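Next comes final_32.cif, with mmCIF, C-alpha atoms.
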```cif
data_final
#
loop_
_atom_site.group_PDB
_atom_site.id
_atom_site.type_symbol
_atom_site.label_atom_id
_atom_site.label_comp_id
_atom_site.auth_asym_id
_atom_site.auth_seq_id
_atom_site.Cartn_x
_atom_site.Cartn_y
_atom_site.Cartn_z
ATOM 1 C CA MET Y 14 4.531 -20.086 -13.640
ATOM 2 C CA ARG Y 15 6.236 -20.202 -10.253
ATOM 3 C CA SER Y 16 4.112 -21.246 -7.290
ATOM 4 C CA LYS Y 17 4.724 -17.875 -5.590
ATOM 5 C CA ASP Y 18 3.338 -16.004 -8.587
ATOM 6 C CA ARG Y 19 0.395 -18.378 -8.974
ATOM 7 C CA ARG Y 20 -0.534 -17.834 -5.320
ATOM 8 C CA ALA Y 21 -0.430 -14.077 -5.818
ATOM 9 C CA LEU Y 22 -2.884 -14.459 -8.687
ATOM 10 C CA LEU Y 23 -5.086 -16.707 -6.568
ATOM 11 C CA LEU Y 24 -5.318 -13.914 -4.006
ATOM 12 C CA GLU Y 25 -6.317 -11.542 -6.797
ATOM 13 C CA ALA Y 26 -9.175 -13.898 -7.691
ATOM 14 C CA LEU Y 27 -10.350 -13.965 -4.085
ATOM 15 C CA THR Y 28 -10.531 -10.184 -3.681
ATOM 16 C CA ALA Y 29 -13.875 -10.061 -5.492
ATOM 17 C CA GLY Y 30 -15.378 -11.681 -2.387
ATOM 18 C CA GLU Y 31 -16.569 -14.770 -4.220
ATOM 19 C CA GLU Y 32 -15.931 -18.380 -3.352
ATOM 20 C CA ILE Y 33 -13.585 -19.887 -5.910
ATOM 21 C CA ASP Y 34 -13.548 -23.441 -7.218
ATOM 22 C CA VAL Y 35 -10.488 -25.696 -7.341
ATOM 23 C CA GLU Y 36 -11.368 -27.276 -10.673
ATOM 24 C CA ASP Y 37 -11.954 -23.898 -12.324
ATOM 25 C CA LEU Y 38 -8.631 -22.629 -10.997
ATOM 26 C CA ALA Y 39 -6.781 -25.716 -12.204
ATOM 27 C CA THR Y 40 -8.122 -25.087 -15.701
ATOM 28 C CA ARG Y 41 -7.274 -21.386 -15.579
ATOM 29 C CA PHE Y 42 -3.672 -21.932 -14.468
ATOM 30 C CA GLU Y 43 -3.143 -25.146 -16.447
ATOM 31 C CA VAL Y 44 -2.067 -27.162 -13.417
ATOM 32 C CA SER Y 45 -3.560 -30.101 -11.553
ATOM 33 C CA ALA Y 46 -6.308 -29.758 -8.975
ATOM 34 C CA SER Y 47 -3.924 -31.134 -6.340
ATOM 35 C CA THR Y 48 -1.472 -28.300 -7.093
ATOM 36 C CA ILE Y 49 -4.231 -25.737 -6.538
ATOM 37 C CA ARG Y 50 -5.206 -27.441 -3.282
ATOM 38 C CA ARG Y 51 -1.606 -27.167 -2.063
ATOM 39 C CA ASP Y 52 -1.563 -23.482 -3.027
ATOM 40 C CA LEU Y 53 -4.784 -22.830 -1.125
ATOM 41 C CA GLN Y 54 -3.509 -24.723 1.887
ATOM 42 C CA GLN Y 55 -0.391 -22.548 1.902
ATOM 43 C CA LEU Y 56 -2.462 -19.364 1.595
ATOM 44 C CA SER Y 57 -4.850 -20.439 4.334
ATOM 45 C CA SER Y 58 -1.987 -20.452 6.827
ATOM 46 C CA SER Y 59 -0.600 -17.029 5.920
ATOM 47 C CA GLU Y 60 -2.949 -14.822 3.921
ATOM 48 C CA GLY Y 61 -6.340 -14.782 5.603
ATOM 49 C CA ILE Y 62 -8.323 -17.218 3.481
ATOM 50 C CA LYS Y 63 -10.467 -20.155 4.535
ATOM 51 C CA ARG Y 64 -10.656 -23.492 2.755
ATOM 52 C CA THR Y 65 -14.133 -24.663 1.815
ATOM 53 C CA TYR Y 66 -15.419 -27.813 0.188
ATOM 54 C CA GLY Y 67 -14.026 -27.555 -3.336
ATOM 55 C CA GLY Y 68 -12.504 -24.086 -2.991
ATOM 56 C CA ALA Y 69 -11.749 -21.120 -0.705
ATOM 57 C CA ILE Y 70 -13.146 -17.778 0.488
ATOM 58 C CA LEU Y 71 -11.773 -14.680 2.199
ATOM 59 C CA VAL Y 72 -12.110 -14.682 5.977
ATOM 60 C CA HIS Y 73 -12.435 -11.889 8.521
ATOM 61 C CA PRO Y 74 -9.825 -9.096 8.448
ATOM 62 C CA ALA Y 75 -6.619 -9.598 10.381
ATOM 63 C CA GLY Y 76 -5.740 -7.438 13.367
ATOM 64 C CA GLU Y 77 -3.389 -4.527 12.865
ATOM 65 C CA THR Y 78 0.235 -4.681 13.858
ATOM 66 C CA SER Y 79 1.713 -1.793 15.843
ATOM 67 C CA LEU Y 80 3.783 0.951 14.233
ATOM 68 C CA SER Y 81 6.929 -0.290 15.982
ATOM 69 C CA GLN Y 82 6.339 -3.789 14.592
ATOM 70 C CA ARG Y 83 5.912 -2.407 11.074
ATOM 71 C CA GLN Y 84 8.988 -0.224 11.392
ATOM 72 C CA ALA Y 85 11.057 -3.284 12.300
ATOM 73 C CA SER Y 86 9.923 -5.328 9.286
ATOM 74 C CA ASN Y 87 11.427 -5.125 5.770
ATOM 75 C CA ARG Y 88 13.557 -2.137 6.728
ATOM 76 C CA THR Y 89 15.990 -2.536 3.839
ATOM 77 C CA GLN Y 90 13.148 -2.686 1.324
ATOM 78 C CA LYS Y 91 11.410 0.344 2.831
ATOM 79 C CA ALA Y 92 14.619 2.367 2.744
ATOM 80 C CA ALA Y 93 15.089 1.511 -0.943
ATOM 81 C CA ILE Y 94 11.485 2.484 -1.731
ATOM 82 C CA ALA Y 95 11.999 5.777 0.109
ATOM 83 C CA ARG Y 96 15.116 6.571 -1.957
ATOM 84 C CA ALA Y 97 13.283 5.762 -5.193
ATOM 85 C CA ALA Y 98 10.422 8.062 -4.179
ATOM 86 C CA CYS Y 99 12.854 10.903 -3.448
ATOM 87 C CA SER Y 100 14.298 10.625 -6.940
ATOM 88 C CA LEU Y 101 10.880 11.560 -8.380
ATOM 89 C CA LEU Y 102 10.611 14.895 -6.576
ATOM 90 C CA ALA Y 103 11.141 18.375 -7.922
ATOM 91 C CA GLN Y 104 12.448 21.030 -5.563
ATOM 92 C CA ASP Y 105 9.584 23.036 -4.030
ATOM 93 C CA ASP Y 106 6.979 20.333 -4.709
ATOM 94 C CA ILE Y 107 4.054 20.522 -2.303
ATOM 95 C CA LEU Y 108 3.689 17.043 -0.794
ATOM 96 C CA ILE Y 109 1.000 15.174 1.117
ATOM 97 C CA LEU Y 110 2.460 12.375 3.260
ATOM 98 C CA ASP Y 111 0.155 9.670 4.595
ATOM 99 C CA GLY Y 112 0.677 7.634 7.751
ATOM 100 C CA GLY Y 113 2.656 4.395 7.886
ATOM 101 C CA SER Y 114 6.203 3.195 8.291
ATOM 102 C CA THR Y 115 7.234 3.266 4.608
ATOM 103 C CA VAL Y 116 5.963 6.821 4.157
ATOM 104 C CA ALA Y 117 7.783 7.748 7.372
ATOM 105 C CA ALA Y 118 11.028 6.356 5.947
ATOM 106 C CA PHE Y 119 10.477 8.524 2.876
ATOM 107 C CA GLY Y 120 9.656 11.583 4.978
ATOM 108 C CA HIS Y 121 12.919 11.335 6.901
ATOM 109 C CA LEU Y 122 14.823 11.758 3.618
ATOM 110 C CA LEU Y 123 13.207 15.151 3.027
ATOM 111 C CA ARG Y 124 15.011 16.914 5.872
ATOM 112 C CA ASN Y 125 17.687 18.450 3.632
ATOM 113 C CA ARG Y 126 15.293 19.332 0.808
ATOM 114 C CA ARG Y 127 12.934 22.280 0.235
ATOM 115 C CA HIS Y 128 9.235 21.382 0.269
ATOM 116 C CA ARG Y 129 5.936 22.231 1.795
ATOM 117 C CA VAL Y 130 4.729 19.053 3.532
ATOM 118 C CA ILE Y 131 1.167 18.296 4.642
ATOM 119 C CA THR Y 132 0.907 15.180 6.793
ATOM 120 C CA ASN Y 133 -1.109 13.193 9.311
ATOM 121 C CA ASN Y 134 1.972 11.075 10.095
ATOM 122 C CA LEU Y 135 2.927 11.975 13.669
ATOM 123 C CA ALA Y 136 6.249 10.125 13.408
ATOM 124 C CA LEU Y 137 7.367 12.854 10.992
ATOM 125 C CA VAL Y 138 6.455 15.883 13.083
ATOM 126 C CA SER Y 139 9.698 16.140 15.045
ATOM 127 C CA PRO Y 140 12.213 15.492 12.218
ATOM 128 C CA LEU Y 141 10.456 17.716 9.678
ATOM 129 C CA ALA Y 142 9.617 20.531 12.108
ATOM 130 C CA GLU Y 143 13.353 20.911 12.729
ATOM 131 C CA ALA Y 144 14.268 20.897 9.016
ATOM 132 C CA ALA Y 145 15.307 24.375 7.903
ATOM 133 C CA GLU Y 146 13.637 24.382 4.475
ATOM 134 C CA ILE Y 147 10.535 22.302 5.191
ATOM 135 C CA GLU Y 148 7.254 24.163 5.674
ATOM 136 C CA LEU Y 149 5.255 21.664 7.715
ATOM 137 C CA THR Y 150 1.487 21.468 8.145
ATOM 138 C CA VAL Y 151 0.133 18.758 10.460
ATOM 139 C CA LEU Y 152 -3.450 17.580 10.023
ATOM 140 C CA GLY Y 153 -5.189 17.583 13.390
ATOM 141 C CA GLY Y 154 -7.754 15.012 14.426
ATOM 142 C CA ALA Y 155 -8.197 11.805 16.352
ATOM 143 C CA VAL Y 156 -4.957 9.875 16.908
ATOM 144 C CA ARG Y 157 -4.772 6.213 15.868
ATOM 145 C CA PRO Y 158 -2.189 4.697 18.256
ATOM 146 C CA THR Y 159 -1.547 1.662 16.028
ATOM 147 C CA SER Y 160 -0.285 3.872 13.213
ATOM 148 C CA MET Y 161 0.509 7.104 15.099
ATOM 149 C CA SER Y 162 -1.475 9.079 12.562
ATOM 150 C CA THR Y 163 -4.481 11.392 12.695
ATOM 151 C CA VAL Y 164 -7.877 10.749 11.095
ATOM 152 C CA GLY Y 165 -11.450 11.946 11.400
ATOM 153 C CA PRO Y 166 -13.507 15.080 10.652
ATOM 154 C CA LEU Y 167 -10.871 17.601 11.757
ATOM 155 C CA ALA Y 168 -8.199 16.061 9.534
ATOM 156 C CA MET Y 169 -10.678 15.855 6.642
ATOM 157 C CA GLU Y 170 -11.770 19.495 6.987
ATOM 158 C CA ALA Y 171 -8.166 20.735 6.992
ATOM 159 C CA MET Y 172 -7.263 18.532 4.005
ATOM 160 C CA ARG Y 173 -10.173 19.898 1.945
ATOM 161 C CA ARG Y 174 -8.633 23.373 2.166
ATOM 162 C CA MET Y 175 -5.253 22.394 0.686
ATOM 163 C CA THR Y 176 -3.933 20.994 -2.578
ATOM 164 C CA ALA Y 177 -0.579 19.472 -3.467
ATOM 165 C CA ASP Y 178 1.613 18.383 -6.347
ATOM 166 C CA LYS Y 179 2.096 14.833 -5.106
ATOM 167 C CA VAL Y 180 0.631 12.517 -2.473
ATOM 168 C CA PHE Y 181 2.538 9.540 -1.060
ATOM 169 C CA LEU Y 182 0.343 6.851 0.483
ATOM 170 C CA GLY Y 183 0.951 3.719 2.503
ATOM 171 C CA ALA Y 184 -1.491 0.828 2.917
ATOM 172 C CA ASP Y 185 -1.997 -2.502 4.647
ATOM 173 C CA GLY Y 186 -2.491 -3.986 1.197
ATOM 174 C CA VAL Y 187 -2.742 -2.909 -2.440
ATOM 175 C CA VAL Y 188 -4.562 -4.894 -5.123
ATOM 176 C CA ALA Y 189 -4.418 -4.257 -8.878
ATOM 177 C CA GLY Y 190 -7.744 -3.021 -10.170
ATOM 178 C CA ARG Y 191 -9.241 -2.686 -6.707
ATOM 179 C CA GLY Y 192 -7.216 -0.246 -4.615
ATOM 180 C CA LEU Y 193 -5.830 0.091 -1.105
ATOM 181 C CA CYS Y 194 -7.119 -1.773 1.943
ATOM 182 C CA GLU Y 195 -7.046 -0.525 5.525
ATOM 183 C CA ALA Y 196 -8.573 -1.419 8.869
ATOM 184 C CA SER Y 197 -10.905 1.570 9.298
ATOM 185 C CA LEU Y 198 -13.240 3.739 7.244
ATOM 186 C CA ASP Y 199 -11.628 6.844 8.780
ATOM 187 C CA GLN Y 200 -8.313 5.881 7.179
ATOM 188 C CA ILE Y 201 -9.956 5.156 3.835
ATOM 189 C CA ALA Y 202 -11.900 8.420 3.821
ATOM 190 C CA LEU Y 203 -8.775 10.489 4.474
ATOM 191 C CA LYS Y 204 -6.654 8.613 1.927
ATOM 192 C CA THR Y 205 -9.344 9.104 -0.707
ATOM 193 C CA LEU Y 206 -9.474 12.837 0.010
ATOM 194 C CA MET Y 207 -5.682 13.069 -0.091
ATOM 195 C CA MET Y 208 -5.752 11.531 -3.578
ATOM 196 C CA ASP Y 209 -8.442 13.986 -4.671
ATOM 197 C CA GLN Y 210 -6.352 16.950 -3.489
ATOM 198 C CA ALA Y 211 -3.111 15.984 -5.288
ATOM 199 C CA ARG Y 212 -2.151 16.109 -8.955
ATOM 200 C CA GLU Y 213 -0.133 12.861 -8.791
ATOM 201 C CA VAL Y 214 -0.690 9.782 -6.648
ATOM 202 C CA PHE Y 215 2.133 7.513 -5.430
ATOM 203 C CA VAL Y 216 1.713 4.348 -3.355
ATOM 204 C CA LEU Y 217 4.733 3.133 -1.364
ATOM 205 C CA ALA Y 218 4.350 -0.597 -0.705
ATOM 206 C CA ASP Y 219 6.951 -3.319 -0.248
ATOM 207 C CA ALA Y 220 6.343 -6.607 -2.044
ATOM 208 C CA THR Y 221 4.615 -8.218 0.955
ATOM 209 C CA LYS Y 222 1.758 -5.682 0.575
ATOM 210 C CA LEU Y 223 1.036 -6.521 -3.067
ATOM 211 C CA SER Y 224 -2.208 -8.479 -3.584
ATOM 212 C CA ARG Y 225 -2.700 -8.480 0.187
ATOM 213 C CA THR Y 226 -6.359 -8.345 1.247
ATOM 214 C CA ASN Y 227 -6.177 -8.713 5.018
ATOM 215 C CA GLN Y 228 -8.352 -5.672 5.802
ATOM 216 C CA ALA Y 229 -11.979 -5.021 4.901
ATOM 217 C CA MET Y 230 -12.043 -1.311 3.977
ATOM 218 C CA TRP Y 231 -11.066 -0.197 0.464
ATOM 219 C CA ALA Y 232 -10.053 3.013 -1.315
ATOM 220 C CA PRO Y 233 -10.117 2.882 -5.130
ATOM 221 C CA LEU Y 234 -7.115 4.339 -6.916
ATOM 222 C CA PRO Y 235 -7.298 6.809 -9.831
ATOM 223 C CA ALA Y 236 -6.981 5.730 -13.449
ATOM 224 C CA ARG Y 237 -3.294 6.739 -13.457
ATOM 225 C CA TRP Y 238 -1.014 6.391 -10.439
ATOM 226 C CA THR Y 239 2.484 5.178 -9.513
ATOM 227 C CA LEU Y 240 3.372 2.121 -7.434
ATOM 228 C CA ILE Y 241 6.841 2.104 -5.882
ATOM 229 C CA THR Y 242 7.729 -1.325 -4.549
ATOM 230 C CA ASP Y 243 10.927 -3.296 -4.002
ATOM 231 C CA TRP Y 244 13.077 -5.665 -6.029
ATOM 232 C CA SER Y 245 11.424 -8.805 -4.659
ATOM 233 C CA ALA Y 246 8.098 -8.039 -6.353
ATOM 234 C CA SER Y 247 7.678 -10.526 -9.191
ATOM 235 C CA LEU Y 248 7.355 -9.431 -12.807
ATOM 236 C CA GLU Y 249 3.931 -11.106 -12.901
ATOM 237 C CA GLN Y 250 2.755 -8.993 -9.955
ATOM 238 C CA CYS Y 251 4.115 -5.829 -11.546
ATOM 239 C CA ASP Y 252 2.422 -6.688 -14.846
ATOM 240 C CA LEU Y 253 -0.931 -6.965 -13.070
ATOM 241 C CA PHE Y 254 -0.595 -3.431 -11.724
ATOM 242 C CA ALA Y 255 0.631 -2.071 -15.051
ATOM 243 C CA ALA Y 256 -2.369 -3.625 -16.785
ATOM 244 C CA ALA Y 257 -4.624 -1.852 -14.260
ATOM 245 C CA GLY Y 258 -3.162 1.551 -15.171
ATOM 246 C CA ALA Y 259 -0.271 1.943 -12.741
ATOM 247 C CA ARG Y 260 3.257 3.029 -13.493
ATOM 248 C CA VAL Y 261 5.361 0.502 -11.586
ATOM 249 C CA ILE Y 262 8.810 1.260 -10.173
ATOM 250 C CA ARG Y 263 10.827 -1.514 -8.526
ATOM 251 C CA ALA Y 264 13.429 -0.010 -6.193
ATOM 252 C CA SER Y 265 16.841 -1.657 -6.402
ATOM 253 C CA GLN Y 266 18.876 -2.921 -3.441
#
```
Exercise: express the given structure as structure tokens:
Amino acid sequence: MRSKDRRALLLEALTAGEEIDVEDLATRFEVSASTIRRDLQQLSSSEGIKRTYGGAILVHPAGETSLSQRQASNRTQKAAIARAACSLLAQDDILILDGGSTVAAFGHLLRNRRHRVITNNLALVSPLAEAAEIELTVLGGAVRPTSMSTVGPLAMEAMRRMTADKVFLGADGVVAGRGLCEASLDQIALKTLMMDQAREVFVLADATKLSRTNQAMWAPLPARWTLITDWSASLEQCDLFAAAGARVIRASQ
């Protein structure tokens, strides 16, 4: 197993919130204890974990990056994910679009299509409002400046009154068997309701989001859902999600 894939699995083990033991991990992955220590040292510098005597634990959630920072990162991958998501649509589908930069990239591709779109993603208001065959509904509520999206009771009340064919969600992180992580309960509550109100659930997440646990709030995913990620996601990572019930699509370059 490549070190990159082993580290992804180590993060999966940490998401349960338990302290993990180096010797146990060495046995599980059939490598030396020193190899596991090097893996944990690498993760401690980049993935929000803390080394302990004999093992590691998750540490406090990381701060959020701004929307402009997220839009500037992994742009090629996000564009490919957006194209793959578009290929799964039927004309006249009713769509719920979540906040986030990857969902925004997808939303921009809808301008020449015919859909009803329900969204809390303020970055999509201008381009979709001007699209001739898009019927746009914007969920009101409190604005989160870091994501330029709306949340809160007003958004929730409006969302309860609508249903859709498909929902497309973003996330700070997505973990097989656990769900989506975000920075606030308001985000989690609205995402969960969006999933409840749609017949099909799609998560748009580039490979850097897979097995990422840098936020403390979690939304479980349904028994059947679709993950659309990019070509750099490893087969081992994809297999973990497939084993947890997801249909996995890796967008090509």
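Reported to one decimal place, the separation of CA of Ala259 in chain Y from CA of Ala171 in chain Y is 28.4 Å.
For the atom pair formed by CA of Arg212 in chain Y and CA of Asp178 in chain Y, the distance is 5.1 Å, given to one decimal.
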Neighbours of point (8.8, 1.8, -2.3) within 12 Å, using only C-alpha atoms, written as number ranges by chain:
Y: 87-101, 114-119, 181-184, 215-223, 239-246, 261-266
What lies within 9 Å of Val188 in chain Y using all atoms listed in the file, ignoring chain neighbours under 6 positions off, as number ranges by chain?
Y: 25, 28, 194, 222-226, 253-254
Enclosing box along x, y and z for every listed atom of range 109-123 of chain Y, padded 8 Å each side, centre and size in Å, one decimal, as AutoDock Vina command-line options:
```
--center_x 7.5 --center_y 9.2 --center_z 4.7 --size_x 30.7 --size_y 28.0 --size_z 23.2
```
Would you write out, as JSON, numbers by chain, every residue that the PyMOL selection byres ((chain Y and resi 162) around 12) captures in this file?
{"Y": [79, 80, 110, 111, 112, 113, 114, 116, 117, 132, 133, 134, 135, 136, 137, 138, 151, 152, 153, 154, 155, 156, 157, 158, 159, 160, 161, 163, 164, 165, 168, 183, 199, 200, 203, 204]}
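Taking all atoms listed in the file into account, Lys17 in chain Y lies nearest to Y:Leu53 out of the set Y:Ala229, Y:Val214, Y:Val187, Y:Leu53.
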If you apply the PyMOL selection byres ((chain Y and resi 15) around 12) to this file, what residues do you get, as a ChimeraX atom specification?
/Y:14,16-22,42,44,48,52,247-250
Store the residues of this selection in a file with C-alpha atoms, as a PDB file, in the frame of the given file.
```pdb
ATOM      1  CA  MET Y  14       4.531 -20.086 -13.640  1.00  0.00           C
ATOM      2  CA  SER Y  16       4.112 -21.246  -7.290  1.00  0.00           C
ATOM      3  CA  LYS Y  17       4.724 -17.875  -5.590  1.00  0.00           C
ATOM      4  CA  ASP Y  18       3.338 -16.004  -8.587  1.00  0.00           C
ATOM      5  CA  ARG Y  19       0.395 -18.378  -8.974  1.00  0.00           C
ATOM      6  CA  ARG Y  20      -0.534 -17.834  -5.320  1.00  0.00           C
ATOM      7  CA  ALA Y  21      -0.430 -14.077  -5.818  1.00  0.00           C
ATOM      8  CA  LEU Y  22      -2.884 -14.459  -8.687  1.00  0.00           C
ATOM      9  CA  PHE Y  42      -3.672 -21.932 -14.468  1.00  0.00           C
ATOM     10  CA  VAL Y  44      -2.067 -27.162 -13.417  1.00  0.00           C
ATOM     11  CA  THR Y  48      -1.472 -28.300  -7.093  1.00  0.00           C
ATOM     12  CA  ASP Y  52      -1.563 -23.482  -3.027  1.00  0.00           C
ATOM     13  CA  SER Y 247       7.678 -10.526  -9.191  1.00  0.00           C
ATOM     14  CA  LEU Y 248       7.355  -9.431 -12.807  1.00  0.00           C
ATOM     15  CA  GLU Y 249       3.931 -11.106 -12.901  1.00  0.00           C
ATOM     16  CA  GLN Y 250       2.755  -8.993  -9.955  1.00  0.00           C
TER      17      GLN Y 250
END
```
Separating CA of Met169 in chain Y from CA of Asp185 in chain Y, to the nearest tenth of an Å, is a gap of 20.4 Å
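Proximity to Ala144 in chain Y was assessed for Y:Cys251, Y:Ala202, Y:Ala236, Y:Leu123 counting only C-alpha atoms; the smallest distance is recorded for Y:Leu123.
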I need the residue set behind the PyMOL selection byres ((chain Y and resi 39) around 12) for this file; please write it as a PyMOL selection string.
chain Y and resi 19+23+33-38+40-53+67-68
Restrict the selected residues to C-alpha atoms and save them as an mmCIF file, in the frame of the given file.
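Wrote it out as out25.cif, contents follow:
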```cif
data_model
loop_
_atom_site.group_PDB
_atom_site.id
_atom_site.type_symbol
_atom_site.label_atom_id
_atom_site.label_comp_id
_atom_site.auth_asym_id
_atom_site.auth_seq_id
_atom_site.Cartn_x
_atom_site.Cartn_y
_atom_site.Cartn_z
ATOM 1 C CA ARG Y 19 0.395 -18.378 -8.974
ATOM 2 C CA LEU Y 23 -5.086 -16.707 -6.568
ATOM 3 C CA ILE Y 33 -13.585 -19.887 -5.910
ATOM 4 C CA ASP Y 34 -13.548 -23.441 -7.218
ATOM 5 C CA VAL Y 35 -10.488 -25.696 -7.341
ATOM 6 C CA GLU Y 36 -11.368 -27.276 -10.673
ATOM 7 C CA ASP Y 37 -11.954 -23.898 -12.324
ATOM 8 C CA LEU Y 38 -8.631 -22.629 -10.997
ATOM 9 C CA THR Y 40 -8.122 -25.087 -15.701
ATOM 10 C CA ARG Y 41 -7.274 -21.386 -15.579
ATOM 11 C CA PHE Y 42 -3.672 -21.932 -14.468
ATOM 12 C CA GLU Y 43 -3.143 -25.146 -16.447
ATOM 13 C CA VAL Y 44 -2.067 -27.162 -13.417
ATOM 14 C CA SER Y 45 -3.560 -30.101 -11.553
ATOM 15 C CA ALA Y 46 -6.308 -29.758 -8.975
ATOM 16 C CA SER Y 47 -3.924 -31.134 -6.340
ATOM 17 C CA THR Y 48 -1.472 -28.300 -7.093
ATOM 18 C CA ILE Y 49 -4.231 -25.737 -6.538
ATOM 19 C CA ARG Y 50 -5.206 -27.441 -3.282
ATOM 20 C CA ARG Y 51 -1.606 -27.167 -2.063
ATOM 21 C CA ASP Y 52 -1.563 -23.482 -3.027
ATOM 22 C CA LEU Y 53 -4.784 -22.830 -1.125
ATOM 23 C CA GLY Y 67 -14.026 -27.555 -3.336
ATOM 24 C CA GLY Y 68 -12.504 -24.086 -2.991
#
```
Do you know which residues are at most 7 Å from Leu108 in chain Y counting only C-alpha atoms, after dropping those on the same chain fewer than 5 positions away, and could you put them as a ChimeraX atom specification?
/Y:129-131,177-180
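Counting all atoms listed in the file and comparing Y:Glu170, Y:Glu195, Y:Asp209, Y:Glu148, the residue that lies closest to Leu234 in chain Y is Y:Asp209.
Counting all atoms listed in the file, the residue from Y:Gln104, Y:Gly120, Y:Arg126, Y:Arg173 that sits nearest to Ser139 in chain Y is Y:Gly120.
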